[in-house]
Structure formats: C-alpha cells, structure tokens
Amino acid sequence: MQKNAPCEQHLQPINEVMNRITEQPSPYRHLEKMSVEDLLININKEDKTVPLAVERAIPQISPLVKNIIAKMKEGGRLFYIGAGTSGRLGILDASECPPTYGVPDDWVIGIIAGGDGAIRKAVEFAEDSHALAWEDLQKYFINQQDVVVGIAASGTTPYVIHGLKTCQEHGILTGCITCNPNAPVVEYSDFPVEVVVGPEFVTGSTRMKAGTAQKLVLNMISTSAMIGMGRVLDNKMVDMQLSNNKLVDRGTKILKNAFDITYDRAKEMLLQHGSVRKAMEEIK
C-alpha cells in the first residue's frame, strides 16, 4: 500500500483478512470451569509476558521519545488519540503529568473518541469515524511543532488511523502504540511502536495484556519526556504540585535530606516557596 493512500478503500478488507493476533483464540479453554485460584494464576502467568514484549519494542520506543523531546523543547506538545480502553489510557497518562511534574495542562493532551463522556461510558461508533480525530485535534490548534501518538491495540481503529493520516498530510509528526505487527495504523506513523503480546486470556479482551503493554509504554514515553524536559532532579519530582498532605510530606523530606535541615524548617521553606525546586534554589 502506498504511503498516505486513502484508508477508506482498503480498511474493511484488511480488517477481514489481516491476521490480528489480538483477536486470536485464548490458549486457555473453559475458563468458567476454572477455580478462582487457577484463574488468578493463569492471568498472572500471561501478564508476566508483557514486560518482555515491551522490552523487545524499546528500539522503536527510543526514537519516538527522542523526537517528542526535541519537539517539546521547541514549544510543541504531545497528543494521544485513541478509542475505548486505549483512549482512556492516553487520558490517564496525560492527566498525571501536571501533578507529577508541575507542567502546564497543555503539554501532554489525551483525546478519546466520543469526547470526555466516553471516559466512563462507551460512545457507539465514535471509533469508526474517519473525520472526528482531526476535528478533535483542531480544537487545540494542532500544528507542526506538535507530536500525535495514536493508541490502538488492534491497529485498525478508523478514528486513530485517519487522525494520524491527516496529521501526516499536514506535516505533523506521528507515532503509534499497537499490539498487532504491520497493522494499518503503522503505515501512518512516522515512529510506530509494535508490542506483540499475543492472544488475550479472555479472547479479544485487549484491556488485559494489550492494555497493560500500552500503559507500560505510555509510562516510558511521558516519564522519559519529562526527564528530558528537565522536570526531574536526580531521581526526585522537584516540580510536583503540592496538592495534598502526602506530597507536602514528600517534598519536605526531599529538602530535609538534601540539606540536612530539620523537618519543620524544610516544611516551612517548602510552603513558603511553593515547590521543592524553588526552595532548593533559595537554600543554595
């Protein structure tokens, strides 16, 4: 298939004939007859294979992250687009960046097919739209400084495929996270990440191993990007938002241990300056 060829003409045939590993039958039979202990043991057995699959994908993840960091240093943003579980995972990862690293809400943005209402309840046929992803991205004035990562376990979700395709047509850098090799979404990704975890314990239930793989990769992408953007000092979250007592305590202990001062003095400095980093700069 030619790069940027119209997906509409061949998407359905590919869905019909493509050997989608994520839809292959589970190697486990008659789950309803298993004891709870056997269910848990076998699910865990399958889950153990996921980090190894992610490890094999690191050569694909690395160039994606390097390009994300480069774009963000130029003022660009990171977008995740997805449907269903994949969309929710993208929103989860994006929403955790501001409190963890003290970054603006618009540095990392997660978008789900069907809008925010789809976070809790499925929106029928939203993932099948060819135009909706680009419409959603345009609300954020998407531009060539940004990077868009499509998340689709099957790699055949029209919302994601056509979103990435349109981004490429507008000169916007794209990536994807999928669990099927050579899936259609890969063709519209400048930096595809393929994490092949095999059939699910419950046939086709990609919220399980595929979802876990996607979550691990998202952790790697956002954490590495935030470190690359200077939001971590040593191994500490020095820019975290002090939004609850646990985080105030964590920040206080960072200052106490770093400068060998009393807990009360460290807490006083932290609350006075509003962040670990600012307090560190003052103490120095």
# chains A, B, ... in the order shown; residues from 1 in each chain; ligands from 1
call {"tool": "residues_around", "arguments": {"residues": "Thr174 (chain A)", "least_positions_apart": "5", "cutoff": "8 Å", "atoms": "only C-alpha atoms", "output": "VMD selection string"}}
result
chain A and resid 147 to 150 164 167 to 168 188 to 191
call {"tool": "residues_around", "arguments": {"residues": "Asp105 (chain A)", "least_positions_apart": "6", "cutoff": "9 Å", "atoms": "only C-alpha atoms", "output": "list in words"}}
result
Ala94, Ser95, Cys97 and Pro98 of chain A
call {"tool": "residues_around", "arguments": {"residues": "Pro51 (chain A)", "least_positions_apart": "3", "cutoff": "10 Å", "atoms": "only C-alpha atoms", "output": "JSON, numbers by chain"}}
result
{"A": [47, 48, 54, 55, 56, 57, 195, 197, 209, 212, 213, 216, 217]}
call {"tool": "closest_residue", "arguments": {"among": "A:Asn235, A:Gln60, A:Thr22, A:Thr252", "to": "Pro199 (chain A)", "atoms": "only C-alpha atoms"}}
result
A:Thr22
call {"tool": "select_by_dssp", "arguments": {"residues": "region 46-270 of chain A", "states": "strand (DSSP E)", "output": "MDAnalysis selection string"}}
result
chainID A and resid 78:82 108:112 147:151 173:178 191:194
call {"tool": "write_last_selection", "arguments": {"atoms": "N, CA and C atoms", "output": "compact mmCIF listing (two decimals), in the first residue's frame"}}
result
# COMPACT_ATOMS: atom_id res chain seq x y z
N LEU A 78 2.58 17.16 23.17
CA LEU A 78 2.37 15.73 22.91
C LEU A 78 0.89 15.43 23.03
N PHE A 79 0.33 14.86 21.96
CA PHE A 79 -1.08 14.45 21.95
C PHE A 79 -1.17 12.94 21.89
N TYR A 80 -2.12 12.37 22.63
CA TYR A 80 -2.50 10.98 22.49
C TYR A 80 -3.93 10.94 21.93
N ILE A 81 -4.16 10.09 20.94
CA ILE A 81 -5.53 9.88 20.47
C ILE A 81 -5.84 8.38 20.49
N GLY A 82 -7.04 8.03 20.91
CA GLY A 82 -7.43 6.63 20.96
C GLY A 82 -8.91 6.49 21.22
N VAL A 108 0.88 17.83 27.65
CA VAL A 108 0.51 16.48 27.21
C VAL A 108 -1.02 16.39 27.26
N ILE A 109 -1.63 16.06 26.12
CA ILE A 109 -3.08 16.12 26.00
C ILE A 109 -3.60 14.77 25.50
N GLY A 110 -4.53 14.19 26.22
CA GLY A 110 -5.16 12.94 25.82
C GLY A 110 -6.55 13.19 25.26
N ILE A 111 -6.84 12.60 24.10
CA ILE A 111 -8.15 12.77 23.45
C ILE A 111 -8.74 11.39 23.18
N ILE A 112 -10.00 11.20 23.52
CA ILE A 112 -10.68 9.93 23.32
C ILE A 112 -11.83 10.10 22.33
N VAL A 147 3.43 16.62 18.35
CA VAL A 147 3.54 15.20 18.02
C VAL A 147 2.24 14.52 18.42
N VAL A 148 1.72 13.68 17.55
CA VAL A 148 0.48 12.95 17.84
C VAL A 148 0.77 11.46 17.85
N VAL A 149 0.46 10.81 18.96
CA VAL A 149 0.64 9.36 19.11
C VAL A 149 -0.72 8.70 19.15
N GLY A 150 -0.99 7.84 18.18
CA GLY A 150 -2.24 7.08 18.16
C GLY A 150 -2.09 5.78 18.93
N ILE A 151 -3.08 5.50 19.77
CA ILE A 151 -3.05 4.29 20.60
C ILE A 151 -4.19 3.39 20.13
N LEU A 173 4.26 15.36 13.03
CA LEU A 173 4.94 14.11 13.37
C LEU A 173 3.98 13.15 14.07
N THR A 174 4.04 11.88 13.69
CA THR A 174 3.11 10.90 14.26
C THR A 174 3.84 9.67 14.79
N GLY A 175 3.21 9.04 15.76
CA GLY A 175 3.66 7.75 16.29
C GLY A 175 2.44 6.93 16.63
N CYS A 176 2.65 5.67 16.97
CA CYS A 176 1.52 4.83 17.39
C CYS A 176 2.00 3.78 18.36
N ILE A 177 1.06 3.26 19.13
CA ILE A 177 1.30 2.10 20.00
C ILE A 177 0.23 1.08 19.65
N THR A 178 0.66 -0.05 19.11
CA THR A 178 -0.27 -1.10 18.71
C THR A 178 0.28 -2.46 19.12
N PHE A 191 6.83 7.01 13.61
CA PHE A 191 7.55 6.23 14.61
C PHE A 191 6.60 5.22 15.26
N PRO A 192 6.35 4.10 14.59
CA PRO A 192 5.43 3.10 15.14
C PRO A 192 6.08 2.28 16.25
N VAL A 193 5.29 1.94 17.25
CA VAL A 193 5.71 1.04 18.33
C VAL A 193 4.78 -0.16 18.31
N GLU A 194 5.33 -1.33 18.05
CA GLU A 194 4.55 -2.56 17.97
C GLU A 194 4.95 -3.48 19.13
call {"tool": "residues_around", "arguments": {"residues": "Ile21 (chain A)", "least_positions_apart": "5", "cutoff": "8 Å", "atoms": "only C-alpha atoms", "output": "VMD selection string"}}
result
chain A and resid 179 to 180 196 198 to 199
call {"tool": "closest_residue", "arguments": {"among": "A:Asp260, A:Asp38, A:Asp106, A:Glu127", "to": "Met72 (chain A)", "atoms": "only C-alpha atoms"}}
result
A:Asp106
